[in-house]
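Structure file data.txt (compact mmCIF, C-alpha atoms and all ligand atoms) follows.
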# COMPACT_ATOMS: atom_id res chain seq x y z
CA MET Y 17 9.29 -52.54 45.83
CA PRO Y 18 9.91 -50.52 49.02
CA ARG Y 19 8.94 -51.90 52.42
CA PRO Y 20 5.19 -52.16 51.97
CA VAL Y 21 3.75 -50.55 55.11
CA GLU Y 22 1.78 -47.36 54.42
CA ALA Y 23 -0.92 -45.12 55.86
CA ILE Y 24 -3.62 -44.11 53.40
CA ILE Y 25 -5.38 -40.84 54.22
CA ASP Y 26 -8.82 -40.64 52.66
CA LEU Y 27 -9.83 -36.99 52.37
CA GLN Y 28 -13.26 -37.89 51.03
CA ALA Y 29 -13.95 -39.70 54.31
CA LEU Y 30 -12.72 -36.64 56.23
CA ARG Y 31 -15.06 -34.36 54.26
CA ASN Y 32 -17.93 -36.73 55.01
CA ASN Y 33 -17.14 -36.78 58.73
CA ALA Y 34 -16.81 -32.99 58.90
CA ALA Y 35 -20.23 -32.72 57.25
CA VAL Y 36 -21.64 -35.11 59.89
CA ALA Y 37 -20.19 -32.86 62.61
CA LYS Y 38 -21.64 -29.75 60.98
CA ARG Y 39 -25.05 -31.38 60.68
CA HIS Y 40 -25.14 -32.35 64.36
CA ALA Y 41 -23.87 -28.90 65.40
CA GLY Y 42 -26.85 -27.12 63.90
CA ASP Y 43 -26.47 -23.44 64.74
CA ALA Y 44 -23.34 -23.97 66.83
CA LYS Y 45 -20.01 -23.30 65.15
CA VAL Y 46 -17.47 -26.08 64.80
CA PHE Y 47 -13.83 -25.97 65.89
CA ALA Y 48 -12.21 -28.93 64.12
CA VAL Y 49 -9.75 -30.26 66.71
CA VAL Y 50 -6.48 -30.91 64.87
CA LYS Y 51 -4.01 -31.08 67.80
CA ALA Y 52 -1.22 -33.66 67.75
CA ASN Y 53 -0.67 -33.10 64.04
CA GLY Y 54 -4.30 -33.75 63.21
CA TYR Y 55 -4.56 -36.80 65.49
CA GLY Y 56 -1.55 -38.23 63.66
CA HIS Y 57 -2.93 -37.78 60.15
CA GLY Y 58 -0.70 -34.82 59.25
CA LEU Y 59 -2.09 -31.32 59.71
CA GLU Y 60 -1.18 -29.93 56.30
CA ARG Y 61 -2.47 -33.07 54.62
CA ILE Y 62 -5.93 -32.78 56.13
CA LEU Y 63 -6.56 -29.01 56.21
CA PRO Y 64 -7.74 -28.88 52.57
CA ALA Y 65 -10.59 -31.28 53.42
CA LEU Y 66 -11.75 -29.34 56.48
CA GLY Y 67 -13.24 -26.37 54.68
CA ALA Y 68 -16.56 -27.04 56.43
CA ALA Y 69 -15.07 -26.20 59.82
CA ASP Y 70 -15.70 -22.72 61.24
CA GLY Y 71 -12.36 -22.77 63.04
CA PHE Y 72 -9.57 -25.01 64.29
CA ALA Y 73 -8.41 -26.02 67.75
CA VAL Y 74 -4.88 -27.13 68.65
CA VAL Y 75 -2.68 -27.42 71.71
CA GLU Y 76 0.56 -26.46 69.98
CA LEU Y 77 1.38 -22.88 68.95
CA GLU Y 78 3.44 -24.25 66.02
CA LEU Y 79 0.35 -25.95 64.61
CA ALA Y 80 -1.69 -22.76 65.00
CA LEU Y 81 0.97 -20.86 63.05
CA CYS Y 82 1.02 -23.62 60.44
CA ILE Y 83 -2.73 -23.07 59.96
CA ARG Y 84 -2.16 -19.32 59.59
CA GLY Y 85 0.69 -20.14 57.19
CA CYS Y 86 -1.87 -21.92 54.99
CA GLU Y 87 -3.63 -18.55 54.68
CA ILE Y 88 -6.55 -19.66 56.83
CA THR Y 89 -8.02 -16.66 58.62
CA LYS Y 90 -10.72 -18.54 60.55
CA PRO Y 91 -10.56 -18.62 64.36
CA VAL Y 92 -7.81 -20.84 65.74
CA LEU Y 93 -8.11 -21.77 69.42
CA LEU Y 94 -5.15 -22.73 71.62
CA LEU Y 95 -6.76 -25.30 73.92
CA GLU Y 96 -4.19 -24.90 76.69
CA GLY Y 97 -3.50 -21.26 75.97
CA PHE Y 98 0.06 -19.93 75.98
CA PHE Y 99 3.04 -21.32 77.87
CA ASP Y 100 5.08 -18.10 78.20
CA GLU Y 101 4.84 -14.40 77.42
CA LYS Y 102 6.48 -14.75 74.02
CA GLU Y 103 3.78 -17.20 72.98
CA LEU Y 104 1.11 -14.81 74.23
CA VAL Y 105 2.46 -12.00 72.06
CA THR Y 106 2.68 -14.35 69.06
CA ALA Y 107 -0.89 -15.49 69.69
CA SER Y 108 -2.09 -11.90 69.74
CA LYS Y 109 -0.13 -10.96 66.64
CA ASN Y 110 -1.71 -13.88 64.75
CA GLY Y 111 -5.23 -13.28 66.02
CA LEU Y 112 -5.43 -16.61 67.82
CA HIS Y 113 -8.07 -17.44 70.41
CA ILE Y 114 -6.65 -18.60 73.72
CA ALA Y 115 -7.90 -20.74 76.55
CA VAL Y 116 -6.76 -19.73 80.04
CA HIS Y 117 -6.95 -22.32 82.78
CA GLU Y 118 -4.53 -21.14 85.44
CA ALA Y 119 -4.00 -17.95 87.50
CA LYS Y 120 -0.49 -17.23 86.15
CA GLN Y 121 -1.85 -17.09 82.61
CA ILE Y 122 -4.44 -14.50 83.63
CA GLU Y 123 -1.85 -12.33 85.41
CA MET Y 124 0.41 -12.50 82.36
CA LEU Y 125 -2.45 -11.67 80.02
CA LEU Y 126 -3.61 -8.68 82.07
CA ALA Y 127 -0.07 -7.31 82.44
CA ALA Y 128 1.08 -7.76 78.84
CA ARG Y 129 1.37 -5.15 76.10
CA LEU Y 130 -0.21 -6.81 73.10
CA PRO Y 131 -0.51 -5.84 69.44
CA GLN Y 132 -4.25 -6.57 69.50
CA PRO Y 133 -6.86 -7.88 71.97
CA LEU Y 134 -7.62 -11.61 72.11
CA SER Y 135 -10.68 -13.80 72.43
CA VAL Y 136 -10.23 -15.56 75.76
CA TYR Y 137 -11.81 -18.90 76.64
CA LEU Y 138 -12.06 -19.10 80.39
CA LYS Y 139 -11.65 -22.75 81.22
CA ILE Y 140 -13.90 -23.83 84.08
CA ASN Y 141 -13.35 -26.99 86.07
CA THR Y 142 -16.84 -28.46 86.30
CA GLY Y 143 -15.73 -31.93 87.37
CA MET Y 144 -13.01 -33.22 85.07
CA ASN Y 145 -10.49 -31.97 87.65
CA ARG Y 146 -7.78 -31.58 85.11
CA LEU Y 147 -7.53 -27.99 83.86
CA GLY Y 148 -9.49 -24.93 84.84
CA PHE Y 149 -10.80 -22.56 87.50
CA MET Y 150 -13.32 -23.51 90.14
CA PRO Y 151 -16.85 -22.20 89.47
CA GLY Y 152 -16.62 -19.89 92.50
CA GLN Y 153 -13.69 -17.99 90.93
CA VAL Y 154 -15.32 -17.36 87.59
CA ALA Y 155 -17.38 -14.20 88.15
CA GLU Y 156 -14.40 -12.28 89.53
CA LEU Y 157 -12.02 -13.49 86.82
CA HIS Y 158 -14.57 -12.68 84.16
CA GLY Y 159 -14.89 -9.13 85.51
CA ARG Y 160 -11.11 -8.59 85.45
CA LEU Y 161 -10.83 -10.00 81.94
CA VAL Y 162 -13.62 -8.00 80.30
CA SER Y 163 -12.26 -4.74 81.70
CA SER Y 164 -8.82 -5.39 80.17
CA GLU Y 165 -7.92 -3.81 76.85
CA ASN Y 166 -6.10 -7.05 75.99
CA VAL Y 167 -9.38 -8.97 75.89
CA ARG Y 168 -11.83 -8.83 73.01
CA GLU Y 169 -14.39 -11.27 74.43
CA VAL Y 170 -14.64 -13.93 77.13
CA VAL Y 171 -16.11 -17.35 76.32
CA ALA Y 172 -17.06 -19.86 79.03
CA MET Y 173 -15.31 -23.17 78.32
CA THR Y 174 -15.33 -26.56 79.99
CA HIS Y 175 -14.43 -30.13 79.08
CA PHE Y 176 -16.59 -33.18 79.71
CA ALA Y 177 -15.13 -36.12 81.60
CA ASP Y 178 -17.67 -38.78 80.64
CA ALA Y 179 -19.65 -37.62 77.60
CA ASP Y 180 -18.99 -41.03 76.03
CA GLY Y 181 -19.89 -42.92 79.20
CA LYS Y 182 -22.55 -43.47 81.84
CA ARG Y 183 -22.47 -40.13 83.66
CA GLY Y 184 -23.07 -38.10 80.51
CA VAL Y 185 -22.77 -34.31 80.57
CA ASP Y 186 -25.65 -32.77 82.53
CA TRP Y 187 -23.84 -32.82 85.89
CA GLN Y 188 -21.12 -30.61 84.33
CA LEU Y 189 -23.32 -28.66 81.95
CA GLN Y 190 -25.55 -27.35 84.71
CA PRO Y 191 -22.83 -25.49 86.67
CA LEU Y 192 -21.40 -24.19 83.40
CA MET Y 193 -24.71 -22.72 82.26
CA GLN Y 194 -25.38 -21.29 85.71
CA LEU Y 195 -22.21 -19.23 85.29
CA ALA Y 196 -22.45 -18.42 81.59
CA GLU Y 197 -26.06 -17.25 81.46
CA PRO Y 198 -25.91 -14.36 83.96
CA LEU Y 199 -22.52 -13.28 82.58
CA GLY Y 200 -23.92 -13.39 79.05
CA THR Y 201 -20.89 -15.22 77.68
CA LYS Y 202 -20.74 -17.63 74.78
CA VAL Y 203 -20.28 -21.31 75.64
CA CYS Y 204 -17.75 -23.80 74.25
CA ALA Y 205 -17.91 -27.28 75.74
CA ALA Y 206 -18.81 -30.26 73.52
CA ASN Y 207 -16.26 -32.83 72.35
CA SER Y 208 -17.24 -35.46 69.74
CA ALA Y 209 -19.28 -37.56 72.16
CA ALA Y 210 -21.25 -34.59 73.51
CA LEU Y 211 -21.78 -33.20 70.01
CA LEU Y 212 -23.22 -36.52 68.85
CA ARG Y 213 -25.28 -37.41 71.92
CA TYR Y 214 -26.19 -34.27 73.89
CA PRO Y 215 -27.64 -31.39 71.81
CA GLN Y 216 -28.25 -29.44 75.02
CA SER Y 217 -24.46 -29.16 75.41
CA HIS Y 218 -23.73 -27.56 72.04
CA GLY Y 219 -23.63 -23.90 73.11
CA ASP Y 220 -21.94 -21.56 70.63
CA TRP Y 221 -18.84 -23.50 69.65
CA VAL Y 222 -18.38 -27.29 69.63
CA ARG Y 223 -14.99 -29.02 69.57
CA PRO Y 224 -15.13 -32.40 67.81
CA GLY Y 225 -11.87 -34.31 67.31
CA ILE Y 226 -11.99 -38.07 67.04
CA MET Y 227 -15.21 -38.24 65.02
CA LEU Y 228 -13.61 -36.20 62.22
CA TYR Y 229 -11.10 -39.00 61.78
CA GLY Y 230 -13.90 -41.53 61.50
CA ALA Y 231 -13.71 -43.26 64.87
CA SER Y 232 -16.66 -43.59 67.24
CA PRO Y 233 -16.18 -42.04 70.69
CA PHE Y 234 -18.64 -44.61 72.11
CA ASP Y 235 -18.30 -48.26 73.08
CA ASP Y 236 -21.97 -48.97 72.36
CA VAL Y 237 -22.42 -47.26 68.96
CA ASN Y 238 -20.00 -47.88 66.12
CA ALA Y 239 -18.66 -45.40 63.58
CA GLU Y 240 -20.74 -46.75 60.73
CA GLN Y 241 -23.95 -46.30 62.74
CA LEU Y 242 -22.92 -42.67 63.25
CA GLY Y 243 -22.32 -42.21 59.51
CA LEU Y 244 -18.56 -41.86 60.02
CA GLN Y 245 -15.91 -43.24 57.67
CA PRO Y 246 -12.31 -44.12 58.63
CA VAL Y 247 -9.84 -41.54 57.36
CA MET Y 248 -6.62 -43.48 58.04
CA THR Y 249 -6.02 -47.00 56.78
CA LEU Y 250 -2.79 -48.60 57.99
CA ARG Y 251 -1.86 -51.44 55.72
CA SER Y 252 1.08 -53.54 54.64
CA ARG Y 253 1.79 -56.84 52.94
CA MET Y 254 2.92 -60.33 53.87
CA ILE Y 255 6.62 -60.77 53.28
CA ASP Y 256 6.96 -64.40 54.40
CA ILE Y 257 4.89 -67.48 55.23
CA GLN Y 258 5.59 -70.13 57.86
CA ASP Y 259 3.99 -73.56 58.06
CA LEU Y 260 3.80 -74.60 61.71
CA GLN Y 261 3.60 -78.08 63.14
CA PRO Y 262 1.89 -78.79 66.46
CA GLY Y 263 4.25 -77.65 69.22
CA ASP Y 264 5.98 -74.93 67.14
CA SER Y 265 5.96 -71.49 68.73
CA VAL Y 266 5.96 -68.04 67.12
CA GLY Y 267 7.92 -64.88 67.84
CA TYR Y 268 9.78 -63.44 70.85
CA GLY Y 269 9.10 -65.06 74.15
CA CYS Y 270 7.53 -68.07 72.41
CA THR Y 271 4.21 -66.87 73.82
CA PHE Y 272 2.15 -68.66 71.19
CA THR Y 273 2.46 -72.37 70.56
CA ALA Y 274 0.51 -74.11 67.80
CA ASP Y 275 -1.65 -77.02 68.91
CA LYS Y 276 -2.27 -78.04 65.30
CA ALA Y 277 -0.75 -77.52 61.88
CA MET Y 278 -1.06 -73.81 61.01
CA ARG Y 279 -0.15 -71.44 58.22
CA ILE Y 280 1.22 -68.11 59.45
CA GLY Y 281 1.65 -64.91 57.45
CA VAL Y 282 4.47 -62.54 58.42
CA VAL Y 283 3.36 -58.93 57.88
CA ALA Y 284 5.80 -56.05 57.39
CA ALA Y 285 4.48 -53.88 60.23
CA GLY Y 286 5.35 -53.72 63.90
CA TYR Y 287 5.61 -51.42 66.87
CA GLY Y 288 8.36 -49.53 65.04
CA ASP Y 289 5.58 -48.40 62.71
CA GLY Y 290 3.14 -47.59 65.51
CA TYR Y 291 1.27 -50.88 65.69
CA PRO Y 292 0.62 -51.54 69.41
CA ARG Y 293 3.16 -53.94 70.89
CA HIS Y 294 0.64 -55.02 73.47
CA ALA Y 295 -1.86 -56.31 70.89
CA PRO Y 296 -2.53 -59.85 72.09
CA THR Y 297 -2.97 -62.98 69.98
CA GLY Y 298 -6.30 -62.70 68.19
CA THR Y 299 -6.23 -58.95 67.52
CA PRO Y 300 -8.12 -58.49 64.23
CA ALA Y 301 -6.59 -57.79 60.82
CA LEU Y 302 -7.97 -58.10 57.28
CA VAL Y 303 -6.52 -60.09 54.39
CA GLY Y 304 -8.39 -59.92 51.11
CA GLY Y 305 -11.47 -58.75 52.98
CA GLN Y 306 -11.32 -61.71 55.42
CA ARG Y 307 -10.84 -61.21 59.13
CA VAL Y 308 -7.89 -62.98 60.68
CA GLY Y 309 -6.19 -62.73 64.07
CA THR Y 310 -2.64 -61.86 65.07
CA ILE Y 311 -0.42 -64.57 66.54
CA GLY Y 312 2.21 -64.14 69.28
CA HIS Y 313 4.09 -60.97 70.25
CA VAL Y 314 4.28 -58.01 67.89
CA SER Y 315 7.92 -57.27 66.93
CA MET Y 316 9.46 -53.94 65.90
CA ASP Y 317 9.24 -54.64 62.18
CA THR Y 318 6.85 -57.56 61.81
CA LEU Y 319 3.74 -59.15 63.20
CA CYS Y 320 2.23 -62.53 62.44
CA ILE Y 321 -1.31 -63.46 61.43
CA ASP Y 322 -3.08 -66.79 61.24
CA ILE Y 323 -3.93 -67.54 57.59
CA SER Y 324 -4.62 -71.27 58.08
CA GLU Y 325 -8.10 -70.81 56.61
CA LEU Y 326 -6.96 -68.71 53.63
CA PRO Y 327 -5.09 -70.96 51.17
CA ASP Y 328 -5.26 -68.37 48.39
CA VAL Y 329 -3.23 -65.67 50.14
CA GLY Y 330 0.54 -65.64 50.31
CA VAL Y 331 3.66 -63.50 50.11
CA GLY Y 332 2.67 -60.12 48.68
CA SER Y 333 -0.97 -60.26 49.82
CA GLU Y 334 -2.21 -56.98 51.26
CA VAL Y 335 -3.09 -56.82 54.96
CA THR Y 336 -5.20 -54.08 56.53
CA LEU Y 337 -4.18 -53.41 60.12
CA TRP Y 338 -6.91 -50.83 60.71
CA GLY Y 339 -9.07 -48.46 58.72
CA GLU Y 340 -11.25 -49.37 55.76
CA GLY Y 341 -13.22 -52.49 56.71
CA LEU Y 342 -11.62 -52.74 60.16
CA PRO Y 343 -12.41 -49.93 62.62
CA VAL Y 344 -9.35 -48.74 64.53
CA GLU Y 345 -11.50 -48.85 67.68
CA GLN Y 346 -11.57 -52.66 67.45
CA VAL Y 347 -7.79 -52.94 67.26
CA ALA Y 348 -7.53 -50.43 70.11
CA ALA Y 349 -10.03 -52.31 72.29
CA SER Y 350 -8.18 -55.59 71.72
CA SER Y 351 -4.90 -53.89 72.66
CA GLY Y 352 -6.20 -52.22 75.82
CA THR Y 353 -6.03 -48.69 74.45
CA VAL Y 354 -8.13 -46.14 72.53
CA SER Y 355 -8.30 -45.19 68.86
CA TYR Y 356 -6.80 -41.79 69.73
CA GLU Y 357 -3.53 -43.40 70.83
CA LEU Y 358 -3.17 -45.68 67.81
CA LEU Y 359 -3.88 -42.86 65.34
CA THR Y 360 -1.42 -40.45 66.97
CA LYS Y 361 1.39 -43.01 67.24
CA VAL Y 362 2.02 -44.03 63.64
CA THR Y 363 5.77 -43.44 63.33
CA ALA Y 364 7.80 -41.27 60.99
CA ARG Y 365 9.09 -44.19 58.93
CA VAL Y 366 5.59 -44.97 57.61
CA PRO Y 367 4.90 -43.27 54.28
CA PHE Y 368 1.58 -41.43 54.11
CA ILE Y 369 -0.43 -41.50 50.90
CA VAL Y 370 -3.27 -39.04 50.38
CA ARG Y 371 -6.38 -40.05 48.51
CA ASN Y 372 -8.50 -37.16 47.37
C1 LIG R 401 -8.87 -33.16 72.37
C2 LIG R 401 -9.90 -32.24 72.86
C3 LIG R 401 -11.19 -32.22 72.28
C4 LIG R 401 -11.65 -33.22 71.24
O1 LIG R 401 -12.09 -34.40 71.88
P1 LIG R 401 -12.64 -35.64 71.04
O2 LIG R 401 -12.99 -36.65 72.05
O3 LIG R 401 -11.49 -36.10 70.17
O4 LIG R 401 -13.77 -35.15 70.24
C5 LIG R 401 -12.08 -31.24 72.72
N1 LIG R 401 -11.72 -30.36 73.70
C6 LIG R 401 -10.52 -30.38 74.29
C7 LIG R 401 -10.20 -29.41 75.37
C8 LIG R 401 -9.58 -31.33 73.91
O5 LIG R 401 -8.38 -31.35 74.51
Go ahead and render the structure in this file as structure tokens.
Amino acid sequence: MPRPVEAIIDLQALRNNAAVAKRHAGDAKVFAVVKANGYGHGLERILPALGAADGFAVVELELALCIRGCEITKPVLLLEGFFDEKELVTASKNGLHIAVHEAKQIEMLLAARLPQPLSVYLKINTGMNRLGFMPGQVAELHGRLVSSENVREVVAMTHFADADGKRGVDWQLQPLMQLAEPLGTKVCAANSAALLRYPQSHGDWVRPGIMLYGASPFDDVNAEQLGLQPVMTLRSRMIDIQDLQPGDSVGYGCTFTADKAMRIGVVAAGYGDGYPRHAPTGTPALVGGQRVGTIGHVSMDTLCIDISELPDVGVGSEVTLWGEGLPVEQVAASSGTVSYELLTKVTARVPFIVRN
């Protein structure tokens, strides 16, 4: 048997989640956000299950071309636009939609000779203070863009800083709509959290990412309550068992010391596979449907779990590290990170298995 760690990709769950996104979107169209290789799931693996999407959104030109290579003619949006003139020409040639967030991009776009005009998403900084133009610049930029023969249409775009949190979206939505309405542009703003919680933010195109992969964007509502199913299950098996006596410690740094007799399972998965090294003792895992906690530091190739209460499991028993039965959000929260990071960081040595 090969080393037993594997990532199962459940396309049925992905179809379900895409249908949930479509249902919430109503009349708005859905860009399925598949940047970072489909949030780590593998772009080409997941595209066949995203037929419900009206388009796709990525950050990387290579991924956009990969989508075109799969003979998908739907809109594909480059969320950060192009990074040089060559990319701009390639984007035009392939009929991609482009975001523009910075003055140099606009100058390049207006000056270029392009094979065909592009749909341009004018990114407006409404409070995230990451990418985009200030609201006061928008009317002038819009005027220059629409009069260019390189531009097919201009869409007003923004990104919400706290759609999953306390501030919500209205403080950013209001300035966006104040610009978009008089200009008569389409609106593209909502991420997963805004799509699920704020119908007033939907506009013409929504941009859900994390919910497609079955993780909740919220701390106070879980994925199951939202009707979402985990797409990736990271699992492995126990390859050794240790019986500890009181005073024995486990792993590098001897950070965990048993205060009683314990039975410890050694699982063939570690940070070399993408499991978070900072997961503290007690981070949840599943063995035979039972919740257990990790013990001590995570190593590159192994981690340890406490199976003192599970006499029937042993070497060879399957261990779920996240996914089916154990939301990745819970492992992320225990490890001081977010589901997005865990999903995108599964490493190349982990075999992926697709379930249709
Ligand atoms: C990643 C991204 C999204 C998707 O966000 P989720 O929280 O995963 O739904 C939407 N818009 C932009 C600009 C993004 O970069």
Surrounding residues of Y:Pro233 excluding itself and chain neighbours under 4 positions, 12 Å, only C-alpha atoms, as a ChimeraX atom specification:
/Y:178-181,207-213,224-229,237-242,244,343-345,354-356
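The space between atom CA of Y:Thr174 and atom CA of Y:Leu126 spans 21.5 Å.
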Around stretch 74-89 of chain Y, fit a box with edges along x, y and z, padding it by 6 Å on each side, then list its centre and edge lengths in Å to one decimal as AutoDock Vina command-line options.
--center_x -2.3 --center_y -22.0 --center_z 63.2 --size_x 23.5 --size_y 22.8 --size_z 29.0
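Across Y:Asp186, Y:Glu76, Y:Asp322, Y:Glu169, the tightest approach to ligand LIG 401 (chain R) is made by Y:Glu76 when counting all atoms listed in the file.
Between atom C5 of ligand LIG 401 (chain R) and atom CA of Y:Ala205 the interatomic distance comes to 7.7 Å.
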Within 8 Å of stretch 107-110 of chain Y using only C-alpha atoms, minus same-chain residues under 6 positions, as a PyMOL selection string:
chain Y and resi 77+81+84+98+130-134
Which residue out of Y:Met124, Y:Ala115, Y:Met193, Y:Val203 has the minimum interatomic distance to ligand LIG 401 (chain R) when all atoms listed in the file are used?
Y:Ala115
Return the single residue from Y:Pro327, Y:Gly339, Y:Gly290, Y:Pro296 that is closest to Y:Leu358, with distances computed using only C-alpha atoms.
Y:Gly290
